[in-house]
Structures are given as structure tokens and as C-alpha cells.
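Engineer: Sending over a structure as C-alpha cells; questions will come in a sec.
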Amino acid sequence: LELATPADTYLRTGKFAPDDMFSFWKETAAAAAAADYGIARAVGEMPRELDADGRQQFIRYEARLTEFVADLPELILCLYDLRLSGAEMLMDVLRTHPVAVVGGMIHDNPYYIPPDTLLGGTGGTDGGPAT
């Protein structure tokens with residue numbers, strides 16, 4: 001079990017950088033494999049220290065995350081607290097994942113929008129969240 005702060009993960013370069021987080025997840029999967037674990041399991045919570053640009057970057061990151069980890073021996077559960085994130089941010093994030101856990105139940109997410117559609121076919125570099 002490893003516990004890490006946002007400074008160790010999402011903000012390890014001083015600001016939120018999606019590509020750095022993808023590198024982090026690759027490193028985590030490699031470390032789990034080196035330790036003979038079958039799969040890395042992670043729980044991430046949105047960092048509260050994001051400015052408006054950081055939040056937009058975070059939505060692009062979340063949209064790309066599901067497809068990215070599909071090729072890694074890694075399972076990531078993304079946590080969001082409505083009281084801290086706000087309804088608009090929570091709805092933007094909800095659109096980024098095909099599966100959601102609500103009230104302890106796993107559901108196919110009817111709000112899911114595939115990344116190319118959500119991000120306007122930009123692969124996450126220029127598009128923002130759908131509204």
C-alpha cells in the first residue's frame with residue numbers, strides 16, 4: 001500500500017500536466033509488475049488546487065484516461081466529492097468514464113461521451129469538455 005499526496009502525483013511538476021500523469025501511471029504499473037503484483041490498483045481524487053485552466057486540462061486528462069489504462073495492468077478508481085467539486089465539474093467528469101460507481105453500485109454510465117467526441121476529435125490537446 002502506498003499513499004501519495006497531490007504533490008506526489010497530479011502536481012508533481014508544480015502544476016497539473018496530463019502527460020506527466022500518464023507517465024506516472026506507467027511508472028506505477030511497472031513498479032507493480034516488478035514487485036510481482038498482477039495488477040496495480042489506484043484510487044485518485046481530483047486535486048483541489050487547480051485553477052480554471054487546470055480544471056480544463058483535468059477534464060481532457062480524464063477523457064483520455066480510460067483508453068490509456070486499458071493497455072496497462074492497472075485499475076484506477078477516480079473519486080469526486082460533489083461538495084468539493086461542484087455540480088458542473090462533476091457532470092463534466094461523469095461524461096469522461098463509461099462506468100460509474102454511485103451509492104456503492106457499479107453502473108454503465110449513460111452520460112459517457114467517447115473521448116474523440118467529447119474533445120472534438122483533438123485527442124485531448126485542444127478540445128474542452130462538451131457542454
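Going by the C-alpha cells order, chains are called A, B, ..., each with residues numbered from 1, while ligands are numbered from 1 in the order shown.
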Where in region 3-105 of chain A does DSSP assign helix (DSSP H, G or I), given as number ranges by chain?

Structural biologist: A: 6-8, 18-34, 52-69, 82-85, 87-94

Engineer: Can you tell me which residues surround Thr66 (chain A) at a distance of at most 10 Å, considering only C-alpha atoms, apart from same-chain residues fewer than 2 positions away, and format the answer as a JSON list (two decimals) with N, CA and C atoms, in the first residue's frame?

Structural biologist:
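As written to disk, selection_35.json reads:
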```json
[["chain", "number", "residue", "atom", "x", "y", "z"],
["A", 61, "TYR", "N", -7.67, 15.17, -19.51],
["A", 61, "TYR", "CA", -6.95, 14.02, -18.95],
["A", 61, "TYR", "C", -7.91, 12.89, -18.62],
["A", 62, "GLU", "N", -8.99, 13.20, -17.90],
["A", 62, "GLU", "CA", -9.96, 12.18, -17.52],
["A", 62, "GLU", "C", -10.57, 11.51, -18.75],
["A", 63, "ALA", "N", -10.84, 12.29, -19.79],
["A", 63, "ALA", "CA", -11.42, 11.73, -21.01],
["A", 63, "ALA", "C", -10.47, 10.72, -21.67],
["A", 64, "ARG", "N", -9.19, 10.96, -21.58],
["A", 64, "ARG", "CA", -8.20, 10.07, -22.19],
["A", 64, "ARG", "C", -7.78, 8.92, -21.28],
["A", 68, "PHE", "N", -6.28, 5.01, -22.03],
["A", 68, "PHE", "CA", -4.86, 4.89, -21.72],
["A", 68, "PHE", "C", -4.58, 3.68, -20.84],
["A", 69, "VAL", "N", -5.34, 3.52, -19.77],
["A", 69, "VAL", "CA", -5.06, 2.41, -18.85],
["A", 69, "VAL", "C", -5.58, 1.07, -19.37],
["A", 70, "ALA", "N", -6.36, 1.08, -20.44],
["A", 70, "ALA", "CA", -6.84, -0.18, -21.00],
["A", 70, "ALA", "C", -5.69, -1.09, -21.42],
["A", 71, "ASP", "N", -4.56, -0.51, -21.78],
["A", 71, "ASP", "CA", -3.39, -1.28, -22.20],
["A", 71, "ASP", "C", -2.41, -1.56, -21.06],
["A", 75, "LEU", "N", -5.86, -0.71, -12.58],
["A", 75, "LEU", "CA", -7.26, -0.37, -12.35],
["A", 75, "LEU", "C", -7.27, 0.92, -11.54],
["A", 76, "ILE", "N", -7.93, 1.94, -12.05],
["A", 76, "ILE", "CA", -7.94, 3.24, -11.37],
["A", 76, "ILE", "C", -9.39, 3.63, -11.08],
["A", 96, "THR", "N", -16.75, 11.54, -18.86],
["A", 96, "THR", "CA", -15.47, 11.02, -19.32],
["A", 96, "THR", "C", -15.25, 9.53, -19.08],
["A", 97, "HIS", "N", -16.11, 8.87, -18.32],
["A", 97, "HIS", "CA", -15.90, 7.46, -17.99],
["A", 97, "HIS", "C", -17.12, 6.61, -18.33],
["A", 98, "PRO", "N", -16.91, 5.45, -18.95],
["A", 98, "PRO", "CA", -18.04, 4.60, -19.36],
["A", 98, "PRO", "C", -18.72, 3.87, -18.20],
["A", 99, "VAL", "N", -18.07, 3.82, -17.05],
["A", 99, "VAL", "CA", -18.62, 3.14, -15.89],
["A", 99, "VAL", "C", -18.56, 4.10, -14.71],
["A", 114, "PRO", "N", -17.59, 9.33, -25.68],
["A", 114, "PRO", "CA", -16.24, 8.89, -26.05],
["A", 114, "PRO", "C", -15.29, 10.08, -26.23],
["A", 115, "PRO", "N", -14.00, 9.88, -25.93],
["A", 115, "PRO", "CA", -13.04, 11.00, -25.94],
["A", 115, "PRO", "C", -13.00, 11.79, -27.25]]
```

Engineer: Residues near Asp92 (chain A), anyone? I mean within 12 Å using only C-alpha atoms, not counting same-chain ones fewer than 4 positions away, as JSON, numbers by chain.

Structural biologist: {"A": [55, 56, 57, 58, 59, 60, 61, 62, 63, 80, 82, 85, 86, 87, 88, 96, 97, 111, 112, 113, 118, 119, 128, 129, 130, 131]}

Engineer: Take the residues from that selection and put them in a file with N, CA, C and O atoms, as an mmCIF file, in the first residue's frame.

Structural biologist:
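Once everything was written out, this is selection-v1.cif:
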```cif
data_model
loop_
_atom_site.group_PDB
_atom_site.id
_atom_site.type_symbol
_atom_site.label_atom_id
_atom_site.label_comp_id
_atom_site.auth_asym_id
_atom_site.auth_seq_id
_atom_site.Cartn_x
_atom_site.Cartn_y
_atom_site.Cartn_z
ATOM 1 N N ARG A 55 -8.377 22.878 -14.411
ATOM 2 C CA ARG A 55 -9.624 22.096 -14.431
ATOM 3 C C ARG A 55 -9.950 21.642 -15.850
ATOM 4 O O ARG A 55 -10.369 20.512 -16.063
ATOM 5 N N GLN A 56 -9.747 22.506 -16.826
ATOM 6 C CA GLN A 56 -9.990 22.129 -18.224
ATOM 7 C C GLN A 56 -9.019 21.032 -18.651
ATOM 8 O O GLN A 56 -9.402 20.058 -19.298
ATOM 9 N N GLN A 57 -7.757 21.170 -18.270
ATOM 10 C CA GLN A 57 -6.761 20.134 -18.548
ATOM 11 C C GLN A 57 -7.156 18.821 -17.877
ATOM 12 O O GLN A 57 -6.964 17.743 -18.440
ATOM 13 N N PHE A 58 -7.698 18.921 -16.671
ATOM 14 C CA PHE A 58 -8.094 17.725 -15.931
ATOM 15 C C PHE A 58 -9.207 16.979 -16.649
ATOM 16 O O PHE A 58 -9.191 15.746 -16.715
ATOM 17 N N ILE A 59 -10.170 17.688 -17.214
ATOM 18 C CA ILE A 59 -11.256 17.036 -17.961
ATOM 19 C C ILE A 59 -10.682 16.337 -19.192
ATOM 20 O O ILE A 59 -11.040 15.201 -19.501
ATOM 21 N N ARG A 60 -9.771 16.975 -19.903
ATOM 22 C CA ARG A 60 -9.130 16.330 -21.057
ATOM 23 C C ARG A 60 -8.366 15.078 -20.626
ATOM 24 O O ARG A 60 -8.409 14.052 -21.294
ATOM 25 N N TYR A 61 -7.670 15.174 -19.505
ATOM 26 C CA TYR A 61 -6.948 14.025 -18.955
ATOM 27 C C TYR A 61 -7.915 12.892 -18.624
ATOM 28 O O TYR A 61 -7.702 11.737 -19.004
ATOM 29 N N GLU A 62 -8.985 13.196 -17.899
ATOM 30 C CA GLU A 62 -9.964 12.177 -17.522
ATOM 31 C C GLU A 62 -10.569 11.512 -18.755
ATOM 32 O O GLU A 62 -10.777 10.303 -18.766
ATOM 33 N N ALA A 63 -10.842 12.289 -19.790
ATOM 34 C CA ALA A 63 -11.415 11.733 -21.015
ATOM 35 C C ALA A 63 -10.472 10.722 -21.667
ATOM 36 O O ALA A 63 -10.921 9.728 -22.244
ATOM 37 N N TYR A 80 -14.723 11.645 -6.672
ATOM 38 C CA TYR A 80 -15.183 13.033 -6.740
ATOM 39 C C TYR A 80 -16.200 13.255 -5.644
ATOM 40 O O TYR A 80 -17.075 12.435 -5.426
ATOM 41 N N LEU A 82 -19.062 15.803 -4.583
ATOM 42 C CA LEU A 82 -19.910 16.883 -5.085
ATOM 43 C C LEU A 82 -19.763 18.136 -4.235
ATOM 44 O O LEU A 82 -19.744 19.247 -4.753
ATOM 45 N N SER A 85 -16.277 19.529 -5.466
ATOM 46 C CA SER A 85 -16.057 19.731 -6.901
ATOM 47 C C SER A 85 -17.086 20.641 -7.542
ATOM 48 O O SER A 85 -16.778 21.330 -8.502
ATOM 49 N N GLY A 86 -18.291 20.605 -7.065
ATOM 50 C CA GLY A 86 -19.371 21.362 -7.673
ATOM 51 C C GLY A 86 -20.066 20.542 -8.745
ATOM 52 O O GLY A 86 -19.465 19.660 -9.377
ATOM 53 N N ALA A 87 -21.336 20.826 -8.956
ATOM 54 C CA ALA A 87 -22.155 20.042 -9.873
ATOM 55 C C ALA A 87 -21.661 20.110 -11.317
ATOM 56 O O ALA A 87 -21.634 19.103 -12.026
ATOM 57 N N GLU A 88 -21.257 21.291 -11.780
ATOM 58 C CA GLU A 88 -20.802 21.435 -13.166
ATOM 59 C C GLU A 88 -19.552 20.600 -13.428
ATOM 60 O O GLU A 88 -19.466 19.877 -14.419
ATOM 61 N N THR A 96 -16.754 11.537 -18.859
ATOM 62 C CA THR A 96 -15.471 11.017 -19.324
ATOM 63 C C THR A 96 -15.254 9.531 -19.085
ATOM 64 O O THR A 96 -14.275 8.978 -19.580
ATOM 65 N N HIS A 97 -16.113 8.868 -18.323
ATOM 66 C CA HIS A 97 -15.898 7.460 -17.989
ATOM 67 C C HIS A 97 -17.123 6.610 -18.335
ATOM 68 O O HIS A 97 -18.245 6.999 -18.021
ATOM 69 N N TYR A 111 -24.228 8.903 -19.302
ATOM 70 C CA TYR A 111 -23.738 10.236 -19.651
ATOM 71 C C TYR A 111 -22.393 10.200 -20.365
ATOM 72 O O TYR A 111 -21.893 11.234 -20.796
ATOM 73 N N TYR A 112 -21.802 9.014 -20.481
ATOM 74 C CA TYR A 112 -20.476 8.864 -21.085
ATOM 75 C C TYR A 112 -20.470 9.341 -22.534
ATOM 76 O O TYR A 112 -21.363 9.048 -23.311
ATOM 77 N N ILE A 113 -19.424 10.087 -22.880
ATOM 78 C CA ILE A 113 -19.186 10.546 -24.249
ATOM 79 C C ILE A 113 -17.771 10.113 -24.612
ATOM 80 O O ILE A 113 -16.819 10.478 -23.904
ATOM 81 N N LEU A 118 -16.118 13.921 -27.186
ATOM 82 C CA LEU A 118 -16.079 14.885 -26.081
ATOM 83 C C LEU A 118 -15.057 15.987 -26.322
ATOM 84 O O LEU A 118 -15.303 17.154 -26.058
ATOM 85 N N LEU A 119 -13.912 15.594 -26.854
ATOM 86 C CA LEU A 119 -12.819 16.540 -27.049
ATOM 87 C C LEU A 119 -12.767 17.091 -28.466
ATOM 88 O O LEU A 119 -11.794 17.728 -28.851
ATOM 89 N N GLY A 128 -12.100 21.118 -25.296
ATOM 90 C CA GLY A 128 -12.502 21.160 -23.904
ATOM 91 C C GLY A 128 -13.679 20.243 -23.683
ATOM 92 O O GLY A 128 -14.108 19.552 -24.593
ATOM 93 N N PRO A 129 -14.229 20.233 -22.501
ATOM 94 C CA PRO A 129 -15.362 19.376 -22.217
ATOM 95 C C PRO A 129 -16.594 19.799 -23.001
ATOM 96 O O PRO A 129 -16.771 20.979 -23.313
ATOM 97 N N ALA A 130 -17.411 18.829 -23.336
ATOM 98 C CA ALA A 130 -18.673 19.122 -24.031
ATOM 99 C C ALA A 130 -19.599 19.833 -23.062
ATOM 100 O O ALA A 130 -19.580 19.585 -21.867
ATOM 101 N N THR A 131 -20.419 20.691 -23.594
ATOM 102 C CA THR A 131 -21.381 21.361 -22.729
ATOM 103 C C THR A 131 -22.775 21.116 -23.227
ATOM 104 O O THR A 131 -22.995 20.685 -24.312
#
```

Engineer: So which one's closest to Asp19 (chain A), A:Leu65, A:Ile39, A:Asp53, A:Ala32? Using only C-alpha atoms, please.

Structural biologist: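 Using only C-alpha atoms, Asp19 (chain A) sits closest to A:Leu65.
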
Engineer: Could you check which of A:Asp108, A:Asp81, A:Glu74, A:Glu49 is closest to Ala29 (chain A), using only C-alpha atoms?

Structural biologist: A:Glu74

Engineer: Could you please write out, as a list in words, every residue of region 26-120 of chain A that DSSP assigns to strand (DSSP E or B)?

Structural biologist: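 Put together, the selection reads Ala40, Arg41, Ala42, Val43, Gly44, Glu45, Glu74, Leu75, Ile76, Leu77, Cys78, Leu79, Val99, Ala100, Val101, Val102, Met105, Ile106, His107 and Asp108 of chain A.
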
Engineer: Export, as an mmCIF file, in the first residue's frame, the selected residues with N, CA, C and O atoms.

Structural biologist:
```cif
data_model
loop_
_atom_site.group_PDB
_atom_site.id
_atom_site.type_symbol
_atom_site.label_atom_id
_atom_site.label_comp_id
_atom_site.auth_asym_id
_atom_site.auth_seq_id
_atom_site.Cartn_x
_atom_site.Cartn_y
_atom_site.Cartn_z
ATOM 1 N N ALA A 40 -1.827 -3.216 -10.809
ATOM 2 C CA ALA A 40 -1.779 -2.064 -9.899
ATOM 3 C C ALA A 40 -3.203 -1.570 -9.705
ATOM 4 O O ALA A 40 -3.977 -1.492 -10.664
ATOM 5 N N ARG A 41 -3.554 -1.259 -8.498
ATOM 6 C CA ARG A 41 -4.874 -0.717 -8.191
ATOM 7 C C ARG A 41 -4.660 0.657 -7.565
ATOM 8 O O ARG A 41 -3.863 0.787 -6.633
ATOM 9 N N ALA A 42 -5.371 1.634 -8.075
ATOM 10 C CA ALA A 42 -5.168 3.001 -7.593
ATOM 11 C C ALA A 42 -6.504 3.698 -7.396
ATOM 12 O O ALA A 42 -7.474 3.419 -8.093
ATOM 13 N N VAL A 43 -6.508 4.600 -6.454
ATOM 14 C CA VAL A 43 -7.655 5.470 -6.218
ATOM 15 C C VAL A 43 -7.121 6.888 -6.291
ATOM 16 O O VAL A 43 -6.152 7.231 -5.613
ATOM 17 N N GLY A 44 -7.726 7.702 -7.146
ATOM 18 C CA GLY A 44 -7.291 9.085 -7.287
ATOM 19 C C GLY A 44 -8.431 10.041 -6.996
ATOM 20 O O GLY A 44 -9.575 9.762 -7.322
ATOM 21 N N GLU A 45 -8.093 11.134 -6.365
ATOM 22 C CA GLU A 45 -9.085 12.164 -6.073
ATOM 23 C C GLU A 45 -8.631 13.452 -6.738
ATOM 24 O O GLU A 45 -7.453 13.814 -6.662
ATOM 25 N N GLU A 74 -3.562 -2.116 -14.847
ATOM 26 C CA GLU A 74 -3.848 -1.109 -13.830
ATOM 27 C C GLU A 74 -5.354 -0.861 -13.777
ATOM 28 O O GLU A 74 -6.018 -0.800 -14.798
ATOM 29 N N LEU A 75 -5.862 -0.709 -12.582
ATOM 30 C CA LEU A 75 -7.257 -0.368 -12.350
ATOM 31 C C LEU A 75 -7.268 0.918 -11.539
ATOM 32 O O LEU A 75 -6.662 0.974 -10.458
ATOM 33 N N ILE A 76 -7.926 1.940 -12.050
ATOM 34 C CA ILE A 76 -7.943 3.237 -11.372
ATOM 35 C C ILE A 76 -9.391 3.629 -11.083
ATOM 36 O O ILE A 76 -10.231 3.619 -11.980
ATOM 37 N N LEU A 77 -9.650 3.970 -9.855
ATOM 38 C CA LEU A 77 -10.951 4.467 -9.436
ATOM 39 C C LEU A 77 -10.799 5.958 -9.159
ATOM 40 O O LEU A 77 -9.978 6.358 -8.335
ATOM 41 N N CYS A 78 -11.554 6.772 -9.872
ATOM 42 C CA CYS A 78 -11.483 8.233 -9.732
ATOM 43 C C CYS A 78 -12.575 8.684 -8.768
ATOM 44 O O CYS A 78 -13.749 8.392 -8.986
ATOM 45 N N LEU A 79 -12.173 9.405 -7.729
ATOM 46 C CA LEU A 79 -13.114 9.860 -6.705
ATOM 47 C C LEU A 79 -13.450 11.332 -6.884
ATOM 48 O O LEU A 79 -12.564 12.146 -7.138
ATOM 49 N N VAL A 99 -18.070 3.818 -17.055
ATOM 50 C CA VAL A 99 -18.625 3.140 -15.886
ATOM 51 C C VAL A 99 -18.560 4.100 -14.709
ATOM 52 O O VAL A 99 -17.586 4.840 -14.560
ATOM 53 N N ALA A 100 -19.602 4.078 -13.884
ATOM 54 C CA ALA A 100 -19.630 4.937 -12.696
ATOM 55 C C ALA A 100 -20.073 4.119 -11.491
ATOM 56 O O ALA A 100 -20.917 3.226 -11.622
ATOM 57 N N VAL A 101 -19.513 4.428 -10.350
ATOM 58 C CA VAL A 101 -19.934 3.815 -9.093
ATOM 59 C C VAL A 101 -20.687 4.897 -8.330
ATOM 60 O O VAL A 101 -20.132 5.950 -8.021
ATOM 61 N N VAL A 102 -21.952 4.645 -8.082
ATOM 62 C CA VAL A 102 -22.802 5.607 -7.377
ATOM 63 C C VAL A 102 -23.522 4.865 -6.266
ATOM 64 O O VAL A 102 -24.170 3.848 -6.513
ATOM 65 N N MET A 105 -22.907 1.093 -5.970
ATOM 66 C CA MET A 105 -23.330 0.235 -7.089
ATOM 67 C C MET A 105 -22.583 0.631 -8.358
ATOM 68 O O MET A 105 -22.406 1.820 -8.635
ATOM 69 N N ILE A 106 -22.176 -0.362 -9.145
ATOM 70 C CA ILE A 106 -21.489 -0.125 -10.415
ATOM 71 C C ILE A 106 -22.535 -0.044 -11.519
ATOM 72 O O ILE A 106 -23.410 -0.904 -11.622
ATOM 73 N N HIS A 107 -22.435 1.020 -12.334
ATOM 74 C CA HIS A 107 -23.417 1.255 -13.392
ATOM 75 C C HIS A 107 -22.719 1.556 -14.719
ATOM 76 O O HIS A 107 -21.670 2.214 -14.732
ATOM 77 N N ASP A 108 -23.314 1.100 -15.817
ATOM 78 C CA ASP A 108 -22.926 1.650 -17.114
ATOM 79 C C ASP A 108 -23.342 3.106 -17.062
ATOM 80 O O ASP A 108 -24.438 3.435 -16.596
#
```

Engineer: What separation in Å, quoted to one decimal, exists between CA of Phe22 (chain A) and CA of Glu67 (chain A)?

Structural biologist: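 A separation of 11.2 Å between them.
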
Engineer: Considering only C-alpha atoms, can you say which of A:Glu2, A:Pro110, A:Ala34, A:Gly120 comes closest to Leu94 (chain A)?

Structural biologist: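 Nearest to Leu94 (chain A): A:Pro110.
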
Engineer: I'd like the interatomic distance between CA of Asp20 (chain A) and CA of Asp36 (chain A), to a tenth of an Å.

Structural biologist: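 Spanning CA of Asp20 (chain A) to CA of Asp36 (chain A) is a straight-line distance of 24.5 Å.
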
Engineer: For a quick check of understanding, using only C-alpha atoms, which of A:Gly104, A:Arg83, A:Val93, A:Gly54 has the smallest distance to Gly14 (chain A)?

Structural biologist: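 Closest to Gly14 (chain A), using only C-alpha atoms: A:Gly54.
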